[in-house]
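Asks: Have a look at this one.
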Amino acid sequence: MVFEQSLERTNRRSPADRFEDFLRSRGMRNTQQRRIMLDVAFAQTGVFDAEQLIEQLPGKSSPGYVSRPTVYRTLAEFVDAGLLKKFELDGRSVYQHDAGSEQIAHLFCVECRSLVEIRSAVVMESIQKVAQESNFQMTGHRLLVRGTCQDCRQRRRRTKRRVDLV
Ligand SMILES: [Zn+2]
């Protein structure tokens with residue numbers, strides 16, 4: 001019980017404070033690059049990958065530039081510090097803010113690789129119900145629905161039409 005309470009208190013502190021503690025415990029210094037990475041990573045909602053972050057980071061000529069190896073290394077530090085959760089999704093590493101139990105459901109477009117979070121109470125309840133009925137103690141789930149998004153289907157239709165005319 002005491003442990004749970006202290007854990008709760010730790011989680012209520014800001015990611016920046018928790019990361020400072022982590023760095024101090026390892027005898028590491030916070031850097032401008034780490035601060036920029038933290039800001040960008042914690043501005044994300046839902047699941048994201050390293051490439052997505054790189055697109056949002058300052059460009060090569062700007063003072064806040066973070067190199068690709070540093071991006072990956074810092075993400076690994078965030079995972080070690082317990083700030084982010086890392087997992088594999090369709091063969092790539094993706095990250096999510098570490099927020100309690102793992103309940104993830106997404107629609108995944110196999111063409112443009114876009115990922116849309118499913119926020120459906122019905123889906124979540126159904127999964128829980130299925131687990132309960134099998135007397136299965138669920139600790140989390142990752143649901144990935146594969147297919148083609150509307151944009152990609154429309155693009156395909158347009159291309160086909162053009163080909164038909166030739
Ligand atoms: Zn698509």
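Each chain of the structure tokens is named A, B, ... in the order shown, its residues numbered from 1; ligands are numbered from 1 in display order.
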Excluding stretch 102-116 of chain A and residues on its chain fewer than 5 positions from it, collect all residues at most 12 Å away from it, counting only C-alpha atoms, and give them as a PDB file with N, CA and C atoms, in the first residue's frame.

Replies:
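Below is the file out.pdb, written as the result:
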```pdb
ATOM      1  N   THR A  45       0.347  12.912 -29.040  1.00  0.00           N
ATOM      2  CA  THR A  45      -0.778  12.203 -28.435  1.00  0.00           C
ATOM      3  C   THR A  45      -0.834  10.826 -29.086  1.00  0.00           C
ATOM      4  N   GLY A  46      -1.128   9.830 -28.327  1.00  0.00           N
ATOM      5  CA  GLY A  46      -1.200   8.476 -28.864  1.00  0.00           C
ATOM      6  C   GLY A  46       0.177   7.913 -29.184  1.00  0.00           C
ATOM      7  N   VAL A  47       0.199   7.008 -30.148  1.00  0.00           N
ATOM      8  CA  VAL A  47       1.429   6.295 -30.492  1.00  0.00           C
ATOM      9  C   VAL A  47       2.219   7.093 -31.531  1.00  0.00           C
ATOM     10  N   PHE A  48       3.557   7.117 -31.393  1.00  0.00           N
ATOM     11  CA  PHE A  48       4.384   7.804 -32.387  1.00  0.00           C
ATOM     12  C   PHE A  48       5.678   7.039 -32.589  1.00  0.00           C
ATOM     13  N   ASP A  49       6.347   7.299 -33.720  1.00  0.00           N
ATOM     14  CA  ASP A  49       7.645   6.668 -33.927  1.00  0.00           C
ATOM     15  C   ASP A  49       8.736   7.737 -34.051  1.00  0.00           C
ATOM     16  N   GLN A  52       8.537  10.327 -36.925  1.00  0.00           N
ATOM     17  CA  GLN A  52       7.530  11.361 -36.681  1.00  0.00           C
ATOM     18  C   GLN A  52       8.124  12.504 -35.847  1.00  0.00           C
ATOM     19  N   LEU A  84       8.428   6.610 -21.220  1.00  0.00           N
ATOM     20  CA  LEU A  84       7.782   6.121 -22.435  1.00  0.00           C
ATOM     21  C   LEU A  84       7.761   4.606 -22.435  1.00  0.00           C
ATOM     22  N   LYS A  85       6.783   4.086 -23.142  1.00  0.00           N
ATOM     23  CA  LYS A  85       6.683   2.655 -23.370  1.00  0.00           C
ATOM     24  C   LYS A  85       7.050   2.422 -24.827  1.00  0.00           C
ATOM     25  N   LYS A  86       7.879   1.404 -25.072  1.00  0.00           N
ATOM     26  CA  LYS A  86       8.254   1.103 -26.447  1.00  0.00           C
ATOM     27  C   LYS A  86       7.704  -0.265 -26.817  1.00  0.00           C
ATOM     28  N   PHE A  87       7.154  -0.396 -28.002  1.00  0.00           N
ATOM     29  CA  PHE A  87       6.746  -1.714 -28.463  1.00  0.00           C
ATOM     30  C   PHE A  87       6.780  -1.784 -29.988  1.00  0.00           C
ATOM     31  N   LEU A  89       5.139  -2.456 -33.599  1.00  0.00           N
ATOM     32  CA  LEU A  89       3.843  -2.411 -34.259  1.00  0.00           C
ATOM     33  C   LEU A  89       4.102  -2.605 -35.740  1.00  0.00           C
ATOM     34  N   ASP A  90       3.692  -3.736 -36.256  1.00  0.00           N
ATOM     35  CA  ASP A  90       3.893  -4.039 -37.667  1.00  0.00           C
ATOM     36  C   ASP A  90       5.366  -3.854 -38.075  1.00  0.00           C
ATOM     37  N   GLY A  91       6.258  -4.366 -37.277  1.00  0.00           N
ATOM     38  CA  GLY A  91       7.674  -4.380 -37.620  1.00  0.00           C
ATOM     39  C   GLY A  91       8.435  -3.095 -37.369  1.00  0.00           C
ATOM     40  N   ARG A  92       7.816  -2.091 -36.784  1.00  0.00           N
ATOM     41  CA  ARG A  92       8.569  -0.878 -36.455  1.00  0.00           C
ATOM     42  C   ARG A  92       8.404  -0.570 -34.976  1.00  0.00           C
ATOM     43  N   VAL A  94       7.540   1.702 -31.975  1.00  0.00           N
ATOM     44  CA  VAL A  94       6.724   2.879 -31.685  1.00  0.00           C
ATOM     45  C   VAL A  94       6.729   3.141 -30.182  1.00  0.00           C
ATOM     46  N   TYR A  95       6.354   4.343 -29.829  1.00  0.00           N
ATOM     47  CA  TYR A  95       6.412   4.783 -28.434  1.00  0.00           C
ATOM     48  C   TYR A  95       5.074   5.349 -28.003  1.00  0.00           C
ATOM     49  N   GLN A  96       4.838   5.253 -26.721  1.00  0.00           N
ATOM     50  CA  GLN A  96       3.629   5.823 -26.157  1.00  0.00           C
ATOM     51  C   GLN A  96       3.968   6.314 -24.752  1.00  0.00           C
ATOM     52  N   HIS A  97       3.302   7.387 -24.322  1.00  0.00           N
ATOM     53  CA  HIS A  97       3.531   7.863 -22.954  1.00  0.00           C
ATOM     54  C   HIS A  97       3.148   6.745 -22.000  1.00  0.00           C
ATOM     55  N   ALA A 121     -15.426   2.742 -26.460  1.00  0.00           N
ATOM     56  CA  ALA A 121     -15.705   2.061 -25.189  1.00  0.00           C
ATOM     57  C   ALA A 121     -16.247   0.666 -25.453  1.00  0.00           C
ATOM     58  N   VAL A 122     -17.024   0.524 -26.523  1.00  0.00           N
ATOM     59  CA  VAL A 122     -17.626  -0.779 -26.849  1.00  0.00           C
ATOM     60  C   VAL A 122     -16.533  -1.807 -27.145  1.00  0.00           C
ATOM     61  N   VAL A 123     -15.523  -1.398 -27.924  1.00  0.00           N
ATOM     62  CA  VAL A 123     -14.417  -2.306 -28.266  1.00  0.00           C
ATOM     63  C   VAL A 123     -13.677  -2.714 -26.987  1.00  0.00           C
ATOM     64  N   MET A 124     -13.350  -1.724 -26.143  1.00  0.00           N
ATOM     65  CA  MET A 124     -12.608  -2.002 -24.909  1.00  0.00           C
ATOM     66  C   MET A 124     -13.400  -2.925 -23.980  1.00  0.00           C
ATOM     67  N   GLU A 125     -14.691  -2.650 -23.854  1.00  0.00           N
ATOM     68  CA  GLU A 125     -15.533  -3.485 -22.988  1.00  0.00           C
ATOM     69  C   GLU A 125     -15.642  -4.906 -23.522  1.00  0.00           C
ATOM     70  N   ILE A 127     -13.440  -6.567 -25.284  1.00  0.00           N
ATOM     71  CA  ILE A 127     -12.188  -7.294 -25.026  1.00  0.00           C
ATOM     72  C   ILE A 127     -12.161  -7.754 -23.567  1.00  0.00           C
ATOM     73  N   GLN A 128     -12.538  -6.843 -22.671  1.00  0.00           N
ATOM     74  CA  GLN A 128     -12.569  -7.188 -21.251  1.00  0.00           C
ATOM     75  C   GLN A 128     -13.548  -8.330 -20.973  1.00  0.00           C
ATOM     76  N   MET A 138      -6.561 -10.151 -17.505  1.00  0.00           N
ATOM     77  CA  MET A 138      -5.943  -9.322 -18.534  1.00  0.00           C
ATOM     78  C   MET A 138      -5.054  -8.243 -17.918  1.00  0.00           C
ATOM     79  N   THR A 139      -3.844  -8.090 -18.462  1.00  0.00           N
ATOM     80  CA  THR A 139      -2.973  -7.001 -18.000  1.00  0.00           C
ATOM     81  C   THR A 139      -2.862  -5.905 -19.058  1.00  0.00           C
ATOM     82  N   GLY A 140      -3.330  -6.193 -20.252  1.00  0.00           N
ATOM     83  CA  GLY A 140      -3.296  -5.193 -21.312  1.00  0.00           C
ATOM     84  C   GLY A 140      -3.607  -5.825 -22.648  1.00  0.00           C
ATOM     85  N   HIS A 141      -3.717  -4.999 -23.676  1.00  0.00           N
ATOM     86  CA  HIS A 141      -3.910  -5.553 -25.013  1.00  0.00           C
ATOM     87  C   HIS A 141      -3.408  -4.581 -26.080  1.00  0.00           C
ATOM     88  N   ARG A 142      -3.090  -5.142 -27.229  1.00  0.00           N
ATOM     89  CA  ARG A 142      -2.724  -4.338 -28.401  1.00  0.00           C
ATOM     90  C   ARG A 142      -3.531  -4.862 -29.570  1.00  0.00           C
ATOM     91  N   LEU A 143      -4.414  -4.044 -30.060  1.00  0.00           N
ATOM     92  CA  LEU A 143      -5.264  -4.468 -31.167  1.00  0.00           C
ATOM     93  C   LEU A 143      -4.897  -3.651 -32.395  1.00  0.00           C
ATOM     94  N   LEU A 144      -4.610  -4.335 -33.499  1.00  0.00           N
ATOM     95  CA  LEU A 144      -4.239  -3.646 -34.726  1.00  0.00           C
ATOM     96  C   LEU A 144      -5.151  -4.121 -35.851  1.00  0.00           C
ATOM     97  N   VAL A 145      -5.950  -3.225 -36.370  1.00  0.00           N
ATOM     98  CA  VAL A 145      -6.847  -3.569 -37.483  1.00  0.00           C
ATOM     99  C   VAL A 145      -6.189  -3.082 -38.767  1.00  0.00           C
ATOM    100  N   ARG A 146      -5.803  -4.023 -39.636  1.00  0.00           N
ATOM    101  CA  ARG A 146      -5.106  -3.663 -40.870  1.00  0.00           C
ATOM    102  C   ARG A 146      -6.087  -3.388 -41.996  1.00  0.00           C
ATOM    103  N   GLY A 147      -5.710  -2.488 -42.894  1.00  0.00           N
ATOM    104  CA  GLY A 147      -6.559  -2.211 -44.045  1.00  0.00           C
ATOM    105  C   GLY A 147      -6.065  -1.019 -44.823  1.00  0.00           C
ATOM    106  N   THR A 148      -6.973  -0.397 -45.560  1.00  0.00           N
ATOM    107  CA  THR A 148      -6.614   0.762 -46.377  1.00  0.00           C
ATOM    108  C   THR A 148      -7.498   1.933 -45.987  1.00  0.00           C
ATOM    109  N   CYS A 149      -6.886   3.080 -45.745  1.00  0.00           N
ATOM    110  CA  CYS A 149      -7.652   4.248 -45.310  1.00  0.00           C
ATOM    111  C   CYS A 149      -8.398   4.871 -46.489  1.00  0.00           C
ATOM    112  N   GLN A 150      -9.291   5.791 -46.170  1.00  0.00           N
ATOM    113  CA  GLN A 150     -10.130   6.420 -47.191  1.00  0.00           C
ATOM    114  C   GLN A 150      -9.283   7.168 -48.230  1.00  0.00           C
ATOM    115  N   ASP A 151      -8.301   7.935 -47.757  1.00  0.00           N
ATOM    116  CA  ASP A 151      -7.445   8.713 -48.665  1.00  0.00           C
ATOM    117  C   ASP A 151      -6.753   7.805 -49.676  1.00  0.00           C
ATOM    118  N   CYS A 152      -6.202   6.706 -49.195  1.00  0.00           N
ATOM    119  CA  CYS A 152      -5.469   5.791 -50.080  1.00  0.00           C
ATOM    120  C   CYS A 152      -6.413   5.130 -51.077  1.00  0.00           C
ATOM    121  N   ARG A 153      -7.621   4.800 -50.630  1.00  0.00           N
ATOM    122  CA  ARG A 153      -8.583   4.178 -51.553  1.00  0.00           C
ATOM    123  C   ARG A 153      -9.015   5.161 -52.631  1.00  0.00           C
ATOM    124  N   ARG A 155      -7.251   7.743 -53.725  1.00  0.00           N
ATOM    125  CA  ARG A 155      -6.097   7.953 -54.596  1.00  0.00           C
ATOM    126  C   ARG A 155      -6.012   6.816 -55.615  1.00  0.00           C
ATOM    127  N   ARG A 156      -6.259   5.603 -55.130  1.00  0.00           N
ATOM    128  CA  ARG A 156      -6.174   4.424 -55.987  1.00  0.00           C
ATOM    129  C   ARG A 156      -7.247   4.489 -57.084  1.00  0.00           C
TER     130      ARG A 156
END
```

Asks: Could you pull out the residues in stretch 8-116 of chain A that DSSP calls helix (DSSP H, G or I) from the backbone, as a PyMOL selection string?

Replies: chain A and resi 8-12+15-25+32-41+50-56+68-80

Asks: Take the selection from the previous step and output its residues with C-alpha atoms, as a PDB file, in the first residue's frame.

Replies:
```pdb
ATOM      1  CA  GLU A   8       1.409   7.418  -7.497  1.00  0.00           C
ATOM      2  CA  ARG A   9       3.247  10.425  -6.162  1.00  0.00           C
ATOM      3  CA  THR A  10       6.175   9.732  -8.504  1.00  0.00           C
ATOM      4  CA  ASN A  11       3.886   9.503 -11.510  1.00  0.00           C
ATOM      5  CA  ARG A  12       2.193  12.769 -10.723  1.00  0.00           C
ATOM      6  CA  PRO A  15       8.098  14.095 -17.111  1.00  0.00           C
ATOM      7  CA  ALA A  16      10.814  16.797 -17.009  1.00  0.00           C
ATOM      8  CA  ASP A  17      11.282  16.389 -13.225  1.00  0.00           C
ATOM      9  CA  ARG A  18      11.273  12.610 -13.479  1.00  0.00           C
ATOM     10  CA  PHE A  19      13.823  12.716 -16.268  1.00  0.00           C
ATOM     11  CA  GLU A  20      16.074  15.058 -14.225  1.00  0.00           C
ATOM     12  CA  ASP A  21      15.970  12.515 -11.371  1.00  0.00           C
ATOM     13  CA  PHE A  22      16.802   9.696 -13.767  1.00  0.00           C
ATOM     14  CA  LEU A  23      19.782  11.564 -15.247  1.00  0.00           C
ATOM     15  CA  ARG A  24      21.073  12.520 -11.809  1.00  0.00           C
ATOM     16  CA  SER A  25      20.822   8.908 -10.620  1.00  0.00           C
ATOM     17  CA  GLN A  32      19.548  21.252 -24.647  1.00  0.00           C
ATOM     18  CA  GLN A  33      18.957  18.336 -27.024  1.00  0.00           C
ATOM     19  CA  ARG A  34      17.411  16.241 -24.264  1.00  0.00           C
ATOM     20  CA  ARG A  35      15.113  19.127 -23.270  1.00  0.00           C
ATOM     21  CA  ILE A  36      13.983  19.658 -26.860  1.00  0.00           C
ATOM     22  CA  MET A  37      13.363  15.923 -27.272  1.00  0.00           C
ATOM     23  CA  LEU A  38      11.322  15.824 -24.080  1.00  0.00           C
ATOM     24  CA  ASP A  39       9.152  18.744 -25.226  1.00  0.00           C
ATOM     25  CA  VAL A  40       8.485  17.200 -28.627  1.00  0.00           C
ATOM     26  CA  ALA A  41       7.938  13.655 -27.314  1.00  0.00           C
ATOM     27  CA  ALA A  50      11.125   8.217 -34.116  1.00  0.00           C
ATOM     28  CA  GLU A  51      10.627   9.434 -37.700  1.00  0.00           C
ATOM     29  CA  GLN A  52       7.530  11.361 -36.681  1.00  0.00           C
ATOM     30  CA  LEU A  53       9.538  13.149 -33.980  1.00  0.00           C
ATOM     31  CA  ILE A  54      12.416  13.892 -36.360  1.00  0.00           C
ATOM     32  CA  GLU A  55       9.978  15.656 -38.707  1.00  0.00           C
ATOM     33  CA  GLN A  56       8.886  17.930 -35.868  1.00  0.00           C
ATOM     34  CA  ARG A  68      19.182  11.041 -35.705  1.00  0.00           C
ATOM     35  CA  PRO A  69      21.423   8.879 -33.436  1.00  0.00           C
ATOM     36  CA  THR A  70      20.731  11.294 -30.557  1.00  0.00           C
ATOM     37  CA  VAL A  71      16.989  11.011 -31.181  1.00  0.00           C
ATOM     38  CA  TYR A  72      17.143   7.214 -30.888  1.00  0.00           C
ATOM     39  CA  ARG A  73      19.488   7.327 -27.897  1.00  0.00           C
ATOM     40  CA  THR A  74      17.298   9.846 -26.063  1.00  0.00           C
ATOM     41  CA  LEU A  75      14.149   7.830 -26.765  1.00  0.00           C
ATOM     42  CA  ALA A  76      15.907   4.828 -25.202  1.00  0.00           C
ATOM     43  CA  GLU A  77      16.692   6.991 -22.150  1.00  0.00           C
ATOM     44  CA  PHE A  78      13.028   7.999 -21.856  1.00  0.00           C
ATOM     45  CA  VAL A  79      12.103   4.304 -21.918  1.00  0.00           C
ATOM     46  CA  ASP A  80      14.742   3.489 -19.277  1.00  0.00           C
TER      47      ASP A  80
END
```

Asks: Find the distance between atom CA of A:Arg29 and atom CA of A:Gly64 and write it in Å to one decimal.

Replies: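 Atom-to-atom, atom CA of A:Arg29 and atom CA of A:Gly64 are spaced 16.9 Å apart.
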